[in-house]
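Raw contents of run_17.txt, compact mmCIF, C-alpha atoms:
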# COMPACT_ATOMS: atom_id res chain seq x y z
CA MET A 1 -34.29 -12.18 -22.42
CA ASP A 2 -30.80 -10.85 -22.97
CA TYR A 3 -27.54 -10.37 -21.03
CA LYS A 4 -28.55 -6.93 -19.75
CA ASN A 5 -31.79 -8.32 -18.34
CA ALA A 6 -29.71 -11.01 -16.66
CA GLY A 7 -27.79 -8.27 -14.85
CA VAL A 8 -24.71 -7.67 -17.01
CA ASP A 9 -24.64 -4.38 -18.91
CA ILE A 10 -22.08 -4.63 -21.72
CA GLU A 11 -22.76 -1.05 -22.82
CA ALA A 12 -21.89 0.17 -19.30
CA GLY A 13 -18.62 -1.71 -19.65
CA TYR A 14 -17.80 0.13 -22.86
CA ARG A 15 -18.67 3.43 -21.17
CA SER A 16 -16.36 2.61 -18.25
CA VAL A 17 -13.47 1.97 -20.61
CA GLU A 18 -14.04 5.27 -22.38
CA LEU A 19 -14.09 7.18 -19.09
CA MET A 20 -10.85 5.62 -17.83
CA LYS A 21 -8.77 5.89 -21.01
CA ASP A 22 -7.07 9.18 -20.16
CA ALA A 23 -6.21 8.01 -16.65
CA VAL A 24 -4.64 4.83 -18.01
CA LYS A 25 -2.67 6.73 -20.66
CA SER A 26 -1.22 9.02 -17.97
CA THR A 27 0.67 6.06 -16.49
CA ALA A 28 2.38 4.97 -19.71
CA ARG A 29 6.10 4.26 -19.75
CA PRO A 30 8.23 4.03 -22.92
CA GLU A 31 8.21 0.25 -22.58
CA VAL A 32 4.42 -0.01 -22.97
CA LEU A 33 3.42 -1.43 -26.35
CA GLY A 34 -0.05 -0.90 -27.77
CA GLY A 35 -3.00 0.78 -26.12
CA ILE A 36 -5.96 0.03 -23.92
CA GLY A 37 -8.43 -2.60 -25.11
CA GLY A 38 -6.12 -5.42 -26.18
CA PHE A 39 -6.41 -8.95 -24.85
CA ALA A 40 -3.07 -8.64 -23.04
CA GLY A 41 -0.91 -5.78 -21.83
CA ALA A 42 2.41 -5.68 -23.67
CA PHE A 43 5.59 -4.39 -22.04
CA SER A 44 9.03 -4.39 -23.68
CA LEU A 45 11.88 -5.89 -21.64
CA ALA A 46 14.61 -4.37 -23.79
CA LYS A 47 16.00 -2.22 -20.95
CA ILE A 48 16.21 -5.17 -18.60
CA LYS A 49 18.91 -6.65 -20.82
CA GLU A 50 21.22 -3.93 -19.51
CA MET A 51 21.22 -5.61 -16.10
CA GLU A 52 23.83 -8.21 -15.20
CA ASP A 53 21.34 -10.68 -13.73
CA PRO A 54 17.76 -9.38 -13.89
CA VAL A 55 15.23 -10.87 -11.49
CA LEU A 56 11.50 -10.35 -11.92
CA LEU A 57 9.53 -9.57 -8.77
CA SER A 58 5.76 -9.81 -8.43
CA GLY A 59 3.14 -8.89 -5.90
CA THR A 60 -0.61 -9.21 -5.64
CA ASP A 61 -2.98 -7.84 -3.03
CA GLY A 62 -6.21 -5.98 -2.41
CA CYS A 63 -7.54 -3.37 0.00
CA GLY A 64 -9.32 -5.72 2.35
CA THR A 65 -12.44 -4.45 4.06
CA LYS A 66 -11.32 -0.85 3.63
CA VAL A 67 -13.56 -0.91 0.55
CA LYS A 68 -16.54 -0.92 2.94
CA LEU A 69 -15.44 2.54 4.05
CA ALA A 70 -15.43 3.71 0.43
CA PHE A 71 -19.02 2.45 0.05
CA LEU A 72 -20.22 4.22 3.19
CA MET A 73 -18.51 7.50 2.31
CA ASP A 74 -19.35 7.17 -1.38
CA LYS A 75 -15.73 8.09 -2.08
CA HIS A 76 -14.04 5.92 -4.68
CA ASP A 77 -11.14 7.99 -6.04
CA THR A 78 -8.43 6.92 -3.57
CA ILE A 79 -9.08 3.24 -2.88
CA GLY A 80 -7.17 2.44 -6.08
CA ILE A 81 -4.05 4.06 -4.61
CA ASP A 82 -4.31 1.57 -1.76
CA ALA A 83 -4.49 -1.36 -4.16
CA VAL A 84 -1.37 -0.24 -6.01
CA ALA A 85 0.50 0.59 -2.81
CA MET A 86 -0.03 -2.83 -1.30
CA CYS A 87 1.62 -4.45 -4.32
CA VAL A 88 4.39 -2.04 -5.28
CA ASN A 89 5.59 -1.47 -1.72
CA ASP A 90 6.27 -5.19 -1.43
CA ILE A 91 8.30 -5.05 -4.64
CA ALA A 92 10.24 -2.03 -3.36
CA CYS A 93 10.99 -4.02 -0.17
CA SER A 94 13.07 -6.40 -2.25
CA GLY A 95 14.95 -3.52 -3.89
CA GLY A 96 12.93 -3.70 -7.08
CA GLU A 97 11.47 -1.15 -9.46
CA PRO A 98 7.78 -1.71 -10.26
CA LEU A 99 7.28 -1.93 -14.03
CA PHE A 100 3.58 -2.45 -14.57
CA PHE A 101 0.30 -3.06 -12.78
CA LEU A 102 -3.04 -4.68 -13.57
CA ASP A 103 -6.26 -4.22 -11.62
CA TYR A 104 -9.32 -6.40 -11.11
CA ILE A 105 -12.66 -4.94 -10.05
CA ALA A 106 -15.56 -7.25 -9.20
CA CYS A 107 -18.84 -5.41 -8.78
CA GLY A 108 -22.52 -6.12 -8.34
CA LYS A 109 -23.39 -3.61 -11.04
CA ASN A 110 -21.22 -1.55 -13.37
CA TYR A 111 -21.77 2.13 -12.73
CA PRO A 112 -19.35 3.66 -15.28
CA GLU A 113 -18.59 6.86 -13.33
CA LYS A 114 -17.85 4.89 -10.17
CA ILE A 115 -15.61 2.42 -12.02
CA ALA A 116 -13.79 5.32 -13.69
CA ALA A 117 -13.22 6.93 -10.28
CA ILE A 118 -11.77 3.69 -8.92
CA VAL A 119 -9.46 3.30 -11.91
CA GLY A 120 -8.51 6.97 -11.60
CA GLY A 121 -7.18 6.14 -8.13
CA VAL A 122 -5.34 3.12 -9.52
CA ALA A 123 -3.75 5.38 -12.14
CA GLU A 124 -2.69 7.86 -9.45
CA GLY A 125 -1.03 5.03 -7.53
CA CYS A 126 0.75 3.97 -10.70
CA ARG A 127 1.99 7.52 -11.31
CA GLN A 128 3.28 7.73 -7.75
CA SER A 129 5.19 4.48 -8.19
CA GLU A 130 6.16 5.12 -11.83
CA ALA A 131 4.52 1.86 -12.88
CA ALA A 132 2.45 1.54 -16.05
CA LEU A 133 -1.18 0.49 -15.83
CA VAL A 134 -1.19 -1.96 -18.72
CA GLY A 135 -4.55 -3.64 -18.28
CA GLY A 136 -7.31 -4.76 -16.00
CA GLU A 137 -10.75 -6.28 -15.73
CA THR A 138 -14.11 -5.09 -14.50
CA ALA A 139 -16.47 -8.00 -13.87
CA GLU A 140 -20.14 -7.67 -13.04
CA HIS A 141 -21.44 -10.32 -10.64
CA PRO A 142 -25.23 -9.84 -10.42
CA GLY A 143 -26.76 -12.06 -7.77
CA LEU A 144 -23.36 -12.68 -6.19
CA MET A 145 -22.64 -9.16 -4.93
CA PRO A 146 -24.97 -6.30 -3.94
CA GLU A 147 -25.37 -3.78 -6.76
CA ASP A 148 -23.66 -0.93 -4.91
CA GLU A 149 -20.63 -2.93 -3.75
CA TYR A 150 -17.34 -3.98 -5.33
CA ASP A 151 -14.00 -5.53 -4.50
CA LEU A 152 -10.66 -4.35 -5.84
CA ALA A 153 -7.39 -6.21 -6.21
CA GLY A 154 -4.25 -5.83 -8.26
CA PHE A 155 -1.07 -7.43 -9.50
CA ALA A 156 2.32 -5.81 -10.08
CA VAL A 157 5.53 -6.92 -11.74
CA GLY A 158 8.90 -5.33 -11.06
CA VAL A 159 12.57 -6.00 -11.70
CA VAL A 160 15.84 -5.84 -9.83
CA ASP A 161 19.42 -6.75 -10.64
CA ARG A 162 20.24 -9.72 -8.41
CA LYS A 163 23.21 -7.91 -6.88
CA ASP A 164 20.85 -5.12 -5.74
CA MET A 165 18.24 -7.34 -4.08
CA ILE A 166 17.42 -6.51 -0.46
CA THR A 167 17.54 -9.87 1.31
CA GLY A 168 18.39 -9.13 4.95
CA ASP A 169 21.21 -11.67 4.82
CA ASN A 170 23.86 -9.11 5.81
CA ILE A 171 22.00 -7.57 8.76
CA LYS A 172 24.14 -7.72 11.90
CA PRO A 173 24.05 -6.49 15.52
CA GLY A 174 24.57 -2.74 15.71
CA ASP A 175 22.73 -1.94 12.49
CA THR A 176 20.34 1.02 12.66
CA LEU A 177 16.59 0.76 12.12
CA ILE A 178 14.96 3.63 10.22
CA GLY A 179 11.18 3.97 10.26
CA ILE A 180 9.41 5.81 7.44
CA ALA A 181 6.14 7.42 8.47
CA SER A 182 2.80 6.06 7.32
CA THR A 183 -0.18 8.17 6.33
CA GLY A 184 -2.46 6.46 8.83
CA VAL A 185 -4.09 3.06 9.05
CA HIS A 186 -3.21 2.28 5.40
CA SER A 187 -5.10 -0.86 4.25
CA ASN A 188 -4.88 -3.30 7.14
CA GLY A 189 -6.89 -3.98 10.25
CA PHE A 190 -10.17 -2.50 9.01
CA SER A 191 -12.21 -5.45 10.24
CA LEU A 192 -11.19 -4.39 13.75
CA VAL A 193 -11.70 -0.70 12.93
CA ARG A 194 -15.28 -1.46 11.92
CA LYS A 195 -15.87 -3.21 15.26
CA VAL A 196 -14.52 -0.23 17.24
CA PHE A 197 -16.28 2.58 15.37
CA GLU A 198 -19.90 2.61 14.30
CA MET A 199 -19.80 2.56 10.53
CA THR A 200 -22.51 5.09 9.77
CA LYS A 201 -22.41 8.35 7.85
CA GLU A 202 -22.96 10.26 11.09
CA SER A 203 -20.05 8.51 12.80
CA LEU A 204 -17.69 8.93 9.85
CA ASP A 205 -18.62 12.60 9.49
CA THR A 206 -17.80 13.27 13.15
CA TYR A 207 -14.96 15.77 13.55
CA TYR A 208 -12.28 14.97 16.16
CA ASP A 209 -10.02 17.75 17.41
CA GLU A 210 -7.15 15.31 17.99
CA LEU A 211 -7.36 14.16 14.37
CA GLY A 212 -7.85 17.62 12.89
CA LYS A 213 -10.37 16.07 10.50
CA THR A 214 -13.38 13.79 10.48
CA LEU A 215 -13.06 10.13 11.38
CA GLY A 216 -13.88 9.11 7.81
CA GLU A 217 -11.22 11.41 6.36
CA ALA A 218 -8.60 9.97 8.71
CA LEU A 219 -9.50 6.36 7.99
CA ILE A 220 -9.77 6.59 4.20
CA GLU A 221 -6.39 8.36 3.81
CA PRO A 222 -4.63 6.31 1.11
CA THR A 223 -1.63 4.11 1.77
CA ARG A 224 1.74 5.80 1.36
CA ILE A 225 3.74 4.52 -1.61
CA TYR A 226 7.44 4.16 -0.80
CA VAL A 227 8.89 3.38 -4.22
CA LYS A 228 10.45 6.82 -4.76
CA ALA A 229 11.72 6.84 -1.18
CA LEU A 230 13.63 3.59 -1.69
CA LYS A 231 14.95 4.81 -5.05
CA ALA A 232 16.27 7.98 -3.39
CA VAL A 233 18.08 5.97 -0.73
CA LYS A 234 19.69 3.82 -3.41
CA ALA A 235 20.63 6.92 -5.44
CA ALA A 236 22.36 8.30 -2.34
CA GLY A 237 24.77 5.38 -2.53
CA VAL A 238 23.37 3.55 0.48
CA THR A 239 22.94 -0.20 0.63
CA VAL A 240 19.72 -1.09 2.41
CA LYS A 241 20.42 -4.34 4.24
CA GLY A 242 16.83 -5.17 5.09
CA CYS A 243 13.37 -3.75 4.48
CA SER A 244 9.95 -4.51 5.94
CA HIS A 245 6.61 -3.23 4.69
CA ILE A 246 4.45 -2.91 7.81
CA THR A 247 1.10 -4.32 6.77
CA GLY A 248 -1.27 -6.79 8.45
CA GLY A 249 0.48 -8.27 11.47
CA GLY A 250 2.08 -4.95 12.33
CA PHE A 251 5.56 -4.80 13.84
CA TYR A 252 5.59 -8.28 15.35
CA GLU A 253 4.90 -10.18 12.15
CA ASN A 254 6.54 -8.03 9.49
CA ILE A 255 9.85 -6.81 10.92
CA PRO A 256 11.15 -10.37 11.59
CA ARG A 257 10.56 -11.19 7.92
CA MET A 258 13.67 -9.20 7.02
CA LEU A 259 15.89 -10.58 9.81
CA PRO A 260 18.36 -13.46 9.56
CA ASP A 261 18.61 -15.94 12.41
CA GLY A 262 20.54 -14.81 15.47
CA VAL A 263 19.42 -11.17 15.58
CA LYS A 264 16.43 -9.24 16.86
CA ALA A 265 15.01 -5.81 16.18
CA VAL A 266 14.82 -3.58 19.24
CA VAL A 267 12.36 -0.74 18.63
CA ASN A 268 12.13 2.32 20.87
CA LYS A 269 8.43 3.22 21.09
CA GLY A 270 9.32 6.75 22.19
CA SER A 271 11.42 7.46 19.10
CA TYR A 272 8.46 9.00 17.26
CA GLU A 273 4.94 10.23 17.98
CA VAL A 274 2.27 7.62 17.33
CA PRO A 275 -0.42 9.28 15.14
CA ALA A 276 -3.66 10.30 16.82
CA ILE A 277 -5.82 7.88 14.80
CA PHE A 278 -4.12 4.91 16.49
CA LYS A 279 -4.44 6.42 19.96
CA LEU A 280 -8.14 7.04 19.32
CA LEU A 281 -8.62 3.53 18.00
CA GLN A 282 -6.86 1.98 21.00
CA SER A 283 -8.80 4.09 23.48
CA LYS A 284 -12.25 3.64 21.94
CA GLY A 285 -11.74 -0.08 21.43
CA ASN A 286 -9.96 -0.77 24.72
CA ILE A 287 -7.30 -2.61 22.72
CA GLU A 288 -4.13 -3.85 24.42
CA GLU A 289 -0.94 -2.14 23.28
CA LYS A 290 0.65 -5.38 22.08
CA MET A 291 -2.40 -6.10 19.95
CA MET A 292 -2.13 -2.62 18.41
CA TYR A 293 1.49 -3.27 17.40
CA ASN A 294 0.51 -6.73 16.22
CA THR A 295 -2.27 -5.41 13.95
CA TYR A 296 -1.42 -1.88 12.78
CA ASN A 297 1.56 0.03 11.43
CA MET A 298 1.31 2.48 14.36
CA GLY A 299 2.60 5.32 12.20
CA ILE A 300 5.50 3.48 10.55
CA GLY A 301 4.83 2.11 7.09
CA MET A 302 8.30 0.88 6.20
CA VAL A 303 11.33 -0.14 8.29
CA LEU A 304 14.87 -0.16 6.90
CA ALA A 305 17.94 -1.80 8.38
CA ILE A 306 21.13 0.07 7.46
CA ASP A 307 24.74 0.51 8.51
CA PRO A 308 24.88 3.14 11.30
CA ALA A 309 27.36 5.17 9.24
CA ASP A 310 24.68 5.70 6.58
CA LYS A 311 22.05 7.13 8.93
CA ASP A 312 22.39 10.79 7.92
CA LYS A 313 22.46 9.96 4.21
CA VAL A 314 19.28 7.94 4.52
CA LEU A 315 17.40 10.57 6.50
CA GLU A 316 18.39 13.25 3.99
CA ALA A 317 17.40 11.09 1.01
CA LEU A 318 13.99 10.38 2.54
CA LYS A 319 13.47 14.04 3.31
CA SER A 320 14.06 14.82 -0.37
CA THR A 321 11.07 12.66 -1.38
CA GLY A 322 8.78 14.32 1.13
CA ASP A 323 8.87 11.41 3.54
CA THR A 324 9.24 11.73 7.30
CA ALA A 325 11.66 9.27 8.84
CA TYR A 326 12.95 8.43 12.30
CA VAL A 327 15.72 6.39 13.86
CA ILE A 328 13.49 3.93 15.72
CA GLY A 329 15.95 1.38 17.08
CA GLU A 330 18.73 -1.03 16.34
CA VAL A 331 19.55 -4.63 15.61
CA GLN A 332 20.90 -6.69 18.49
CA ALA A 333 22.08 -10.27 18.93
CA GLY A 334 19.36 -12.61 20.12
CA GLU A 335 16.49 -14.80 19.04
CA LYS A 336 14.90 -13.56 15.83
CA GLY A 337 11.96 -11.32 16.62
CA VAL A 338 10.95 -7.84 17.75
CA GLU A 339 11.38 -6.26 21.15
CA LEU A 340 9.55 -2.99 21.89
CA CYS A 341 10.93 -0.88 24.71
Is it possible to express this structure as structure tokens?
Amino acid sequence: MDYKNAGVDIEAGYRSVELMKDAVKSTARPEVLGGIGGFAGAFSLAKIKEMEDPVLLSGTDGCGTKVKLAFLMDKHDTIGIDAVAMCVNDIACSGGEPLFFLDYIACGKNYPEKIAAIVGGVAEGCRQSEAALVGGETAEHPGLMPEDEYDLAGFAVGVVDRKDMITGDNIKPGDTLIGIASTGVHSNGFSLVRKVFEMTKESLDTYYDELGKTLGEALIEPTRIYVKALKAVKAAGVTVKGCSHITGGGFYENIPRMLPDGVKAVVNKGSYEVPAIFKLLQSKGNIEEKMMYNTYNMGIGMVLAIDPADKDKVLEALKSTGDTAYVIGEVQAGEKGVELC
């Protein structure tokens, strides 16, 4: 009897590391010290000393049950983008710059090519957010998880000068709300998605004219990363007063998180076109509109609160990063919360 016979293949682990090395190296920043394979990822903080009052920001998250979609479609090269996005977008919400990321993959059995594909997606997410992938872990759990399944989570650390933190404290009535478009369902609400749509290869391969693609292609579209978008707004000289990453809980839970007491966000539902995937989901599942806005991003992945005078600057800055943005409402006096009209 040996470890391999018990279900853990150490040689497969070595093979996975070899296959992912180039992807990991592609995310390196000048601050990264050492290479892949150490016991800890090392990252120099020398540049942070240039800040007046540096504050470290951190975020950890996973992809939820969206990984089930990756299993069914046997497509594993984008789910890592989702894992990175869920962490770095939260850091960007506070005005921070993501510095580095670590991933954790738990699997029933280590298939090196599959693990390398997952980490390749993680590396792509890190490149999009300009964060270094400094380490990670792939753990085989024979007997605990089915051999062909895995779970993926990650952890990111970022930094911001305290004076540049986005806190929402200065939001006031009359401020403009800017919505930055999502790329679809992102990584939230998939437990409900899987109740609405039959999760079979035939169902996922079904082409819908309104989507312009198959159902599976629409659902697995990776989460948009907004780090460069927020950097562009800052570079344009605009102070973002508040920022909300629209994740699980949709508009109703996430937008109030950026608001101070005494104000509410009034969102005009007609200010942008809700993507077809959400209309299809609502129709097929007979889901109430309020529940849709309380579960999904409905086509808006990030909401910014800004001074009305900065509106044109912000829209132009977001256009420069390839993002689509809309003026979706305003801040008004009232009880803290969200009003859709």
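With distances restricted to only C-alpha atoms, A:Met73 is the closest residue to Thr214 in chain A from A:Ala265, A:Val193, A:Met73, A:Gly249.
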Rounded to one decimal place, report the CA of Cys126 in chain A-CA of Gly179 in chain A distance in Å.
23.4 Å
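Interatomic distance, CA of Glu339 in chain A against CA of Val266 in chain A: 4.8 Å.
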Min atom-atom distance to Pro30 in chain A from the set A:Ala42, A:Met258, A:Leu211, A:Met145, counting all atoms listed in the file, belongs to A:Ala42
Please identify all polymer residues within 9 Å of range 316-332 of chain A, counting all atoms listed in the file, omitting same-chain residues fewer than 3 positions from it, and present them as a PyMOL selection string.
chain A and resi 171-182+226+228-230+232-236+262-272+300+303+305+308+311-313
re CA of Arg257 in chain A and CA of Ala309 in chain A: distance 23.5 Å
Write out as a ChimeraX atom specification which residues come within 9 Å of range 62-70 of chain A when counting all atoms listed in the file, dropping same-chain ones fewer than 4 positions away.
/A:74-80,82-84,86-87,149-155,186-191,194,199,204,216,219-220
If you count only C-alpha atoms, the residue of A:Pro98, A:Gly143, A:Asp90, A:Gln128 closest to Pro222 in chain A turns out to be A:Gln128
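Each of A:Val119, A:Ile81, A:Ile255, A:Leu99 was checked against Ala23 in chain A using all atoms listed in the file; the smallest atom-to-atom distance is that of A:Val119.
Proximity of A:Asp261, A:Asp307, A:Glu273, A:Glu97 to Ala333 in chain A, computed with only C-alpha atoms, is greatest for A:Asp261.
Of the listed residues A:Ala218, A:Asp161, A:Leu315, A:Pro275, the one whose atoms come nearest to Glu52 in chain A is A:Asp161, with distances taken using all atoms listed in the file.
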Contacts of Gly168 in chain A at 8 Å or less, counting only C-alpha atoms, minus same-chain residues fewer than 2 places along, as number ranges by chain?
A: 166, 170-171, 241-243, 258-260
Kindly reconstruct range 279-290 of chain A with all heavy atoms and present the result as a short mmCIF file (atom, residue, chain, number, x, y, z; two decimals), in the frame of the given file.
data_model
loop_
_atom_site.label_atom_id
_atom_site.label_comp_id
_atom_site.auth_asym_id
_atom_site.auth_seq_id
_atom_site.Cartn_x
_atom_site.Cartn_y
_atom_site.Cartn_z
N LYS A 279 -4.13 6.19 18.55
CA LYS A 279 -4.44 6.42 19.96
C LYS A 279 -5.95 6.40 20.18
O LYS A 279 -6.46 5.83 21.15
CB LYS A 279 -3.86 7.75 20.41
CG LYS A 279 -2.33 7.81 20.39
CD LYS A 279 -1.83 9.19 20.80
CE LYS A 279 -0.32 9.27 20.73
NZ LYS A 279 0.19 10.62 21.10
N LEU A 280 -6.68 7.01 19.25
CA LEU A 280 -8.14 7.04 19.32
C LEU A 280 -8.71 5.63 19.18
O LEU A 280 -9.61 5.23 19.93
CB LEU A 280 -8.70 7.96 18.24
CG LEU A 280 -10.21 8.17 18.20
CD1 LEU A 280 -10.69 8.88 19.47
CD2 LEU A 280 -10.61 8.98 16.96
N LEU A 281 -8.19 4.90 18.24
CA LEU A 281 -8.62 3.53 18.00
C LEU A 281 -8.38 2.66 19.23
O LEU A 281 -9.26 1.89 19.66
CB LEU A 281 -7.88 2.97 16.78
CG LEU A 281 -8.18 1.55 16.32
CD1 LEU A 281 -9.65 1.40 15.95
CD2 LEU A 281 -7.30 1.19 15.13
N GLN A 282 -7.19 2.77 19.82
CA GLN A 282 -6.86 1.98 21.00
C GLN A 282 -7.75 2.33 22.18
O GLN A 282 -8.25 1.45 22.89
CB GLN A 282 -5.39 2.20 21.38
CG GLN A 282 -4.94 1.34 22.57
CD GLN A 282 -3.47 1.50 22.88
OE1 GLN A 282 -2.77 2.32 22.27
NE2 GLN A 282 -2.97 0.73 23.84
N SER A 283 -7.99 3.64 22.36
CA SER A 283 -8.80 4.09 23.48
C SER A 283 -10.26 3.68 23.34
O SER A 283 -10.86 3.12 24.25
CB SER A 283 -8.69 5.62 23.60
OG SER A 283 -9.58 6.13 24.56
N LYS A 284 -10.83 3.95 22.17
CA LYS A 284 -12.25 3.64 21.94
C LYS A 284 -12.51 2.13 21.97
O LYS A 284 -13.57 1.69 22.41
CB LYS A 284 -12.69 4.20 20.59
CG LYS A 284 -12.73 5.73 20.51
CD LYS A 284 -13.94 6.29 21.19
CE LYS A 284 -14.09 7.78 20.91
NZ LYS A 284 -15.25 8.36 21.63
N GLY A 285 -11.55 1.36 21.50
CA GLY A 285 -11.74 -0.08 21.43
C GLY A 285 -11.21 -0.84 22.62
O GLY A 285 -11.34 -2.07 22.69
N ASN A 286 -10.57 -0.12 23.56
CA ASN A 286 -9.96 -0.77 24.72
C ASN A 286 -9.05 -1.92 24.27
O ASN A 286 -9.14 -3.05 24.77
CB ASN A 286 -11.04 -1.27 25.68
CG ASN A 286 -10.48 -1.68 27.04
OD1 ASN A 286 -9.44 -1.16 27.47
ND2 ASN A 286 -11.15 -2.61 27.71
N ILE A 287 -8.18 -1.60 23.32
CA ILE A 287 -7.30 -2.61 22.72
C ILE A 287 -5.95 -2.59 23.42
O ILE A 287 -5.36 -1.53 23.64
CB ILE A 287 -7.11 -2.33 21.21
CG1 ILE A 287 -8.47 -2.27 20.51
CG2 ILE A 287 -6.22 -3.39 20.57
CD1 ILE A 287 -8.39 -1.77 19.07
N GLU A 288 -5.44 -3.75 23.77
CA GLU A 288 -4.13 -3.85 24.42
C GLU A 288 -3.05 -3.34 23.48
O GLU A 288 -3.12 -3.50 22.26
CB GLU A 288 -3.83 -5.30 24.80
CG GLU A 288 -4.72 -5.87 25.89
CD GLU A 288 -4.33 -7.28 26.27
OE1 GLU A 288 -3.35 -7.81 25.69
OE2 GLU A 288 -5.01 -7.85 27.13
N GLU A 289 -2.02 -2.73 24.08
CA GLU A 289 -0.94 -2.14 23.28
C GLU A 289 -0.27 -3.17 22.37
O GLU A 289 -0.01 -2.90 21.19
CB GLU A 289 0.11 -1.50 24.19
CG GLU A 289 1.22 -0.81 23.41
CD GLU A 289 2.28 -0.22 24.31
OE1 GLU A 289 3.04 -0.99 24.93
OE2 GLU A 289 2.37 1.02 24.38
N LYS A 290 -0.02 -4.35 22.90
CA LYS A 290 0.65 -5.38 22.08
C LYS A 290 -0.21 -5.74 20.87
O LYS A 290 0.32 -5.95 19.77
CB LYS A 290 0.95 -6.62 22.90
CG LYS A 290 1.73 -7.66 22.10
CD LYS A 290 2.24 -8.80 22.95
CE LYS A 290 3.07 -9.78 22.09
NZ LYS A 290 3.61 -10.89 22.89
#
